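Beneath this line is the structure, given in structure tokens, with notes to follow.
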Amino acid sequence: MSALGTENNPLRVAIVGSGPAGFYAAEHLMKPEETAVEVDMFDRLPTPFGLVRAGVAPDHPKIKSVIRVYEKTAAREGFRFFGGVEVGRDLSVDELRERYHCVVFAYGTATDNKLGIPGEDLPGSRSATEFVNWYNAHPDFADREFDLSHERVVVIGNGNVAADVARMLALPRSELEETDTADHAIEALAASGVREIVVLGRRGPAQAAFTNPEVRELGEMTQADIVIDPEEMKLDGASRAWVDSEDCGPTNRRNVEIFTEFSQRDPEGKLQRIVLRFCCSPVSIEGDGRVERVVVGRNELAGDGDRIKASDTGDRETIETGLVLRSIGYRGEPLDGVPFDESRGLIPNEAGRVGKGEHVRGLYAVGWIKRGPSGVIGTNKKDAAETVARVFEDLEAGTVPEPELASDPASIEALLGERVPDHVTYEGWKAIDAAEVAAGEPLGRPRVKLVSTEEMVAAAKAGAGV
Ligand code: NAP
């Protein structure tokens with residue numbers, strides 16, 4: 001038989017997850033002309049692109065234009081997409097290992113972190129993940145309802161997801177209608193009675209995890225004033241020293257400058273207010289059968305450098321609210337047949353090779369399930385390059401395992417034909433895409449997203465003339 005990685009014996013790789021990390025891994029795998037690689041990409045949703053479709057805020061269309069890069073990868077000979085196929089439910093990892101030389105896990109971190117405080121599970125206390133998926137038309141979340149009749153929403157966390165959520169709560173109908181926000185969310189958000197969005201950061205303005213453009217945008221909302229109490233902008237000694245030192249990155253330093261400018265503004269009396277609070281942690285979420293208030297503890301900061309930590313001073317304050325959105329980061333879920341680091345919520349790996357010390361041959365990880373939920377979309381390109389370099393090293397070293405069953409492209413199709421006959425191919429996705437874009441055209445919108453899996457499968461079949 002020809003050497004593995006040559007035209008007659010291509011390296012066959014399964015990628016689990018079709019978000020940025022999965023697509024960058026596919027690109028790095030398929031680009032080198034000297035090695036023949038075939039990629040089959042699986043996603044539990046009928047649609048590809050992961051968080052670019054279901055995470056990126058609808059009012060950030062430029063960020064979504066990265067899809068054009070992924071489309072080029074998808075157009076490469078030897079690339080196939082199998083949407084609507086959940087590895088761990090429809091196919092096991094072992095079944096993939098029987099058919100592919102390598103399996104690359106790129107399935108992200110879908111579960112939200114917990115605060116671990118009383119009342120966290122009261123009705124009205126929701127994860128930002130749920131809200132983001134809802135306004136982005138994720139089929140599993142389309143039927144969720146958010147009670148936006150309350151005057152005040154409390155968003156917990158100081159990362160870019162919290163910023164996205166705060167902005168989405170403050171966009172007027174006219175601006176929502178220029179986006180691909182799910183129709184159900186446009187209706188609910190346009191009818192919202194929310195007048196104040198309070199964003200709680202447990203540490204100070206110098207430690208906020210927002211990036212500069214996301215902070216700036218909060219001060220440029222047409223319908224909402226940005227409010228920061230100048231008292232909360234007074235940096236403690238350790239934070240001041242850090243911001244003034246060379247150790248502090250430009251993002252944190254610039255954030256402090258922007259927040260300071262915000263704190264000096266006089267509100268213009270816009271319909272809504274976005275209030276940024278610092279050094280505040282929710283201590284309990286309370287109410288009679290549903291959320292009515294958040295009890296917040298005042299924090300003080302101690303430590304040095306970027307390791308400055310918050311601790312409770314014992315001071316308390318109560319904020320009346322009917323809706324709490326918890327935006328404090330994510331963790332991954334384990335997959336049967338793959339090692340898992342329960343404490344970190346990710347797949348243990350060394351530079352992308354699954355396992356610590358001893359690697360599981362043929363298994364690799366990339367993206368958030370490899371390094372945790374950090375960085376922006378582009379961060380995954382470098383991350384994928386690192387993982388793919390390990391794949392090629394292993395190919396070179398002859399340590400890539402030979403699959404038990406013939407590594408034949410038809411084998412997985414036969415299996416899926418039995419298990420998931422309605423799976424969506426890349427051609428099927430192109431038909432869904434065309435239907436969504438066509439529905440948006442007369443409305444001047446980039447697309448009107450289909451929200452149910454059934455509709456998507458029907459659009460995919462109609463496009464294929466089935
Ligand atoms: P993140 O950036 O890690 O922010 C999480 C926030 O939650 C931090 O402010 C953190 O505070 C806070 N937090 C954690 N545990 C907490 C607790 N128990 N109580 C109170 N606060 C707590 O996470 P993210 O916002 O989910 O974003 C994930 C990644 O996606 C980030 O890399 C982000 O930049 C990226 N993203 C980018 C964009 C964009 O580019 N526009 C949009 C969305 C997301 P501490 O700092 O004190 O831990």
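Chain labels run A, B, ... following the order of the structure tokens; each chain numbers its residues from 1, and ligands are numbered from 1 in the order shown.
Environment of ligand 1, defined as every protein or nucleic acid residue with an atom within 6 Å of it and counting only C-alpha atoms and all ligand atoms, comprises Leu115, Gly157, Asn158, Gly159, Asn160, Val161, Ala162, Gly201, Arg202, Arg203, Ala208, Ala209, Ser281, Ser327, Ile328, Gly329, Pro373, Ser374, Gly375 and Val376 of chain A.
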Find the residues around Trp368 of chain A up to 12 Å (only C-alpha atoms counted), leave out those fewer than 2 positions away in its own chain, and share them as number ranges by chain. A: 17, 19-22, 50-51, 105-111, 329-333, 344-349, 352, 365-366, 370-377, 379-381, 383-384
Could you write out the selected residues, including C-alpha atoms, as a JSON list (two decimals), in the first residue's frame?
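part.json, freshly written:
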```
[["chain", "number", "residue", "atom", "x", "y", "z"],
["A", 17, "GLY", "CA", -17.46, 20.40, 15.68],
["A", 19, "GLY", "CA", -16.93, 26.21, 14.63],
["A", 20, "PRO", "CA", -13.86, 28.37, 13.98],
["A", 21, "ALA", "CA", -11.45, 25.91, 15.65],
["A", 22, "GLY", "CA", -12.76, 23.01, 13.56],
["A", 50, "GLY", "CA", -20.58, 27.09, 15.58],
["A", 51, "LEU", "CA", -20.32, 30.32, 17.56],
["A", 105, "PHE", "CA", -12.24, 17.34, 18.89],
["A", 106, "ALA", "CA", -13.38, 20.91, 18.25],
["A", 107, "TYR", "CA", -16.71, 20.86, 20.03],
["A", 108, "GLY", "CA", -16.17, 23.85, 22.30],
["A", 109, "THR", "CA", -17.45, 24.54, 25.77],
["A", 110, "ALA", "CA", -21.23, 24.61, 25.69],
["A", 111, "THR", "CA", -22.10, 24.67, 29.39],
["A", 329, "GLY", "CA", -17.74, 31.93, 31.33],
["A", 330, "TYR", "CA", -18.17, 28.39, 30.06],
["A", 331, "ARG", "CA", -16.94, 24.84, 30.51],
["A", 332, "GLY", "CA", -16.86, 21.85, 28.21],
["A", 333, "GLU", "CA", -18.68, 18.56, 28.54],
["A", 344, "ARG", "CA", -11.02, 22.54, 34.18],
["A", 345, "GLY", "CA", -13.94, 21.37, 32.03],
["A", 346, "LEU", "CA", -11.82, 20.47, 29.02],
["A", 347, "ILE", "CA", -9.99, 17.63, 27.29],
["A", 348, "PRO", "CA", -6.52, 17.17, 28.84],
["A", 349, "ASN", "CA", -3.94, 17.59, 26.11],
["A", 352, "GLY", "CA", -3.32, 19.42, 21.06],
["A", 365, "ALA", "CA", -8.14, 18.62, 20.54],
["A", 366, "VAL", "CA", -8.45, 22.17, 19.29],
["A", 370, "LYS", "CA", -8.47, 22.25, 24.23],
["A", 371, "ARG", "CA", -7.52, 25.50, 26.00],
["A", 372, "GLY", "CA", -10.72, 26.76, 27.67],
["A", 373, "PRO", "CA", -13.06, 29.57, 26.57],
["A", 374, "SER", "CA", -10.64, 32.40, 25.88],
["A", 375, "GLY", "CA", -9.53, 34.64, 23.08],
["A", 376, "VAL", "CA", -11.27, 35.86, 19.97],
["A", 377, "ILE", "CA", -12.16, 33.93, 16.81],
["A", 379, "THR", "CA", -7.01, 32.99, 18.32],
["A", 380, "ASN", "CA", -8.25, 29.62, 17.07],
["A", 381, "LYS", "CA", -6.20, 29.86, 13.90],
["A", 383, "ASP", "CA", -4.33, 27.18, 18.18],
["A", 384, "ALA", "CA", -5.36, 24.94, 15.24]]
```
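Close contacts of Glu38 of chain A, defined as residues with an atom at most 7 Å away when counting only C-alpha atoms, with chain neighbours fewer than 2 positions off set aside, comprise Pro10, Leu11, Arg12, Val13, Ala36, Asp40, Gly78 and Phe79 of chain A.
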Using only C-alpha atoms, find the one residue out of A:Ser92, A:Thr387, A:Gln264, A:Asn299 that sits nearest to Arg277 of chain A. A:Asn299
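Put simply, atom CA of Ala128 of chain A is 14.8 Å away from atom CA of Pro58 of chain A.
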At a cut-off of 12 Å, using only C-alpha atoms, what residues contact Cys248 of chain A? Leave out same-chain residues fewer than 4 positions from it and give the result as a PyMOL selection string. chain A and resi 206-207+238-244+252-256+304-308
Residues within 12 Å of Ser65 of chain A, please, as a PyMOL selection string. Count only C-alpha atoms; anything in the same chain fewer than 3 positions from it doesn't count. chain A and resi 20+49+52-53+56+58+60-62+68-71+377+446
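Proximity ranking of A:Val165, A:Ala188, A:Val324, A:Ile67 relative to Arg152 of chain A places A:Val324 first, based on only C-alpha atoms.
Nearest to Val66 of chain A of all the residues A:Gly378, A:Pro118, A:Gly367, A:Pro139 is A:Gly378, counting only C-alpha atoms.
Residues in contact with Glu320 of chain A at 10 Å, where only C-alpha atoms are counted and same-chain residues fewer than 6 positions away are skipped, are listed as His150, Glu151, Arg152, Val153, Val154, Glu286, Gly287, Val291, Glu292, Arg293, Val294 and Val295 of chain A.
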Write the selection just made, keeping C-alpha atoms, as a PDB file, in the first residue's frame?
```pdb
ATOM      1  CA  HIS A 150     -39.231  44.140  34.165  1.00  0.00           C
ATOM      2  CA  GLU A 151     -37.738  47.560  34.406  1.00  0.00           C
ATOM      3  CA  ARG A 152     -34.269  46.311  35.343  1.00  0.00           C
ATOM      4  CA  VAL A 153     -32.079  43.406  34.161  1.00  0.00           C
ATOM      5  CA  VAL A 154     -28.913  42.454  36.029  1.00  0.00           C
ATOM      6  CA  GLU A 286     -33.987  36.155  46.025  1.00  0.00           C
ATOM      7  CA  GLY A 287     -37.720  36.285  45.433  1.00  0.00           C
ATOM      8  CA  VAL A 291     -36.339  36.451  40.902  1.00  0.00           C
ATOM      9  CA  GLU A 292     -37.249  39.739  42.577  1.00  0.00           C
ATOM     10  CA  ARG A 293     -33.874  41.013  43.747  1.00  0.00           C
ATOM     11  CA  VAL A 294     -30.137  40.372  43.840  1.00  0.00           C
ATOM     12  CA  VAL A 295     -28.247  40.880  47.052  1.00  0.00           C
TER      13      VAL A 295
END
```
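Using only C-alpha atoms, the nearest neighbour of Arg361 of chain A within the list A:Ala414, A:Val194, A:Met456, A:Val103 is A:Val103.
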Can you pull out every residue within 9 Å of Glu7 of chain A, counting only C-alpha atoms, but drop anything in the same chain fewer than 3 positions away, and send it as a count of residues only? 7
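The nearest approach to Gly55 of chain A among the residues A:Asn133, A:Thr6, A:Thr318, A:Thr73, with only C-alpha atoms taken into account, belongs to A:Asn133.
Counting from atom CA of Thr260 of chain A, the distance to atom CA of Gly204 of chain A is 12.2 Å.
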Could you pull out the strand (DSSP E) residues of segment 168-301 of chain A from DSSP and send them as a PyMOL selection string? chain A and resi 196-200+224-227+272-277+280-286+293-301
Can I get the selected residues back with N, CA, C and O atoms, as a CSV table (one decimal), in the first residue's frame?
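Contents of out.csv, as written:
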```csv
chain,number,residue,atom,x,y,z
A,196,GLU,N,-33.3,49.7,32.4
A,196,GLU,CA,-32.0,49.7,33.0
A,196,GLU,C,-31.3,48.4,33.0
A,196,GLU,O,-31.9,47.4,33.3
A,197,ILE,N,-30.1,48.3,32.5
A,197,ILE,CA,-29.3,47.1,32.4
A,197,ILE,C,-28.1,47.3,33.3
A,197,ILE,O,-27.3,48.2,33.0
A,198,VAL,N,-28.0,46.6,34.4
A,198,VAL,CA,-26.9,46.8,35.4
A,198,VAL,C,-25.9,45.6,35.1
A,198,VAL,O,-26.3,44.5,35.2
A,199,VAL,N,-24.7,46.0,34.9
A,199,VAL,CA,-23.7,44.9,34.6
A,199,VAL,C,-22.7,44.9,35.8
A,199,VAL,O,-22.1,45.9,36.1
A,200,LEU,N,-22.6,43.8,36.4
A,200,LEU,CA,-21.8,43.7,37.7
A,200,LEU,C,-20.5,43.0,37.4
A,200,LEU,O,-20.4,41.9,36.9
A,224,ALA,N,-29.5,54.1,24.6
A,224,ALA,CA,-29.1,53.9,26.0
A,224,ALA,C,-28.0,54.8,26.4
A,224,ALA,O,-27.0,54.9,25.7
A,225,ASP,N,-28.1,55.4,27.6
A,225,ASP,CA,-27.0,56.2,28.2
A,225,ASP,C,-26.1,55.2,28.9
A,225,ASP,O,-26.5,54.1,29.4
A,226,ILE,N,-24.8,55.5,28.9
A,226,ILE,CA,-23.9,54.7,29.7
A,226,ILE,C,-23.6,55.4,31.0
A,226,ILE,O,-23.4,56.6,31.0
A,227,VAL,N,-23.7,54.7,32.1
A,227,VAL,CA,-23.6,55.3,33.4
A,227,VAL,C,-22.5,54.5,34.3
A,227,VAL,O,-22.6,53.3,34.4
A,272,GLN,N,-33.1,54.2,27.7
A,272,GLN,CA,-32.5,53.1,28.6
A,272,GLN,C,-31.2,53.6,29.2
A,272,GLN,O,-30.6,54.5,28.6
A,273,ARG,N,-30.7,52.9,30.2
A,273,ARG,CA,-29.4,53.2,30.8
A,273,ARG,C,-28.7,51.8,30.9
A,273,ARG,O,-29.3,50.8,31.3
A,274,ILE,N,-27.4,51.8,30.5
A,274,ILE,CA,-26.5,50.7,30.8
A,274,ILE,C,-25.6,51.2,32.0
A,274,ILE,O,-24.9,52.1,31.8
A,275,VAL,N,-25.7,50.5,33.1
A,275,VAL,CA,-25.0,50.9,34.3
A,275,VAL,C,-23.9,49.9,34.6
A,275,VAL,O,-24.2,48.7,34.8
A,276,LEU,N,-22.6,50.3,34.5
A,276,LEU,CA,-21.5,49.4,34.8
A,276,LEU,C,-21.2,49.6,36.3
A,276,LEU,O,-20.9,50.7,36.7
A,277,ARG,N,-21.2,48.5,37.0
A,277,ARG,CA,-20.8,48.5,38.4
A,277,ARG,C,-19.5,47.7,38.6
A,277,ARG,O,-19.4,46.6,38.0
A,280,CYS,N,-18.4,44.3,42.7
A,280,CYS,CA,-19.7,43.9,43.3
A,280,CYS,C,-19.9,42.4,42.9
A,280,CYS,O,-19.8,42.1,41.7
A,281,SER,N,-20.2,41.6,43.9
A,281,SER,CA,-20.5,40.2,43.5
A,281,SER,C,-21.9,39.9,44.0
A,281,SER,O,-22.3,40.3,45.1
A,282,PRO,N,-22.7,39.1,43.2
A,282,PRO,CA,-24.0,38.7,43.7
A,282,PRO,C,-23.7,37.7,44.9
A,282,PRO,O,-22.9,36.8,44.8
A,283,VAL,N,-24.5,37.9,46.0
A,283,VAL,CA,-24.3,37.0,47.1
A,283,VAL,C,-25.5,36.1,47.2
A,283,VAL,O,-25.3,34.9,47.6
A,284,SER,N,-26.7,36.6,46.8
A,284,SER,CA,-27.8,35.7,46.7
A,284,SER,C,-28.8,36.3,45.7
A,284,SER,O,-28.8,37.5,45.5
A,285,ILE,N,-29.6,35.4,45.1
A,285,ILE,CA,-30.7,35.9,44.2
A,285,ILE,C,-31.9,35.5,44.9
A,285,ILE,O,-32.1,34.3,45.4
A,286,GLU,N,-32.8,36.4,45.1
A,286,GLU,CA,-34.0,36.2,46.0
A,286,GLU,C,-35.3,36.5,45.4
A,286,GLU,O,-35.3,37.3,44.4
A,293,ARG,N,-35.0,40.1,43.4
A,293,ARG,CA,-33.9,41.0,43.7
A,293,ARG,C,-32.6,40.2,43.8
A,293,ARG,O,-32.6,39.0,43.9
A,294,VAL,N,-31.5,41.0,43.7
A,294,VAL,CA,-30.1,40.4,43.8
A,294,VAL,C,-29.5,41.1,45.0
A,294,VAL,O,-29.5,42.3,45.1
A,295,VAL,N,-29.0,40.3,46.0
A,295,VAL,CA,-28.2,40.9,47.1
A,295,VAL,C,-26.8,40.9,46.6
A,295,VAL,O,-26.2,39.8,46.2
A,296,VAL,N,-26.2,42.1,46.7
A,296,VAL,CA,-24.9,42.2,46.1
A,296,VAL,C,-23.9,42.6,47.3
A,296,VAL,O,-24.2,43.4,48.1
A,297,GLY,N,-22.7,41.9,47.3
A,297,GLY,CA,-21.7,42.2,48.3
A,297,GLY,C,-20.6,43.1,47.6
A,297,GLY,O,-20.3,42.9,46.5
A,298,ARG,N,-20.2,44.0,48.4
A,298,ARG,CA,-19.1,45.0,48.0
A,298,ARG,C,-17.8,44.2,48.2
A,298,ARG,O,-17.6,43.6,49.2
A,299,ASN,N,-16.9,44.3,47.2
A,299,ASN,CA,-15.6,43.6,47.3
A,299,ASN,C,-14.5,44.6,47.4
A,299,ASN,O,-14.6,45.8,47.0
A,300,GLU,N,-13.5,44.1,48.1
A,300,GLU,CA,-12.2,44.9,48.0
A,300,GLU,C,-11.2,44.1,47.3
A,300,GLU,O,-11.3,42.8,47.2
A,301,LEU,N,-10.2,44.7,46.7
A,301,LEU,CA,-9.2,44.0,45.9
A,301,LEU,C,-7.9,43.9,46.6
A,301,LEU,O,-7.5,44.8,47.3
```
Please return as a PyMOL selection string: the residues of segment 126-366 of chain A that backbone DSSP assigns to helix (DSSP H, G or I). chain A and resi 128-135+160-168+173-176+183-190+205-207+212-218+230-233+237-244+250-263+305-307
Any chance you could tabulate, as a Markdown table, the residues of segment 65-181 of chain A at most 10 Å from segment 428-435 of chain A with each one's nearest atom pair and distance in Å to one decimal, using only C-alpha atoms, in chain and rising number order?
```
| residue | atom | partner | partner_atom | distance |
| --- | --- | --- | --- | --- |
| A:Glu71 | CA | A:Lys430 | CA | 10.0 |
| A:Phe81 | CA | A:Trp429 | CA | 8.8 |
| A:Phe82 | CA | A:Gly428 | CA | 9.5 |
| A:Gly83 | CA | A:Trp429 | CA | 8.2 |
```
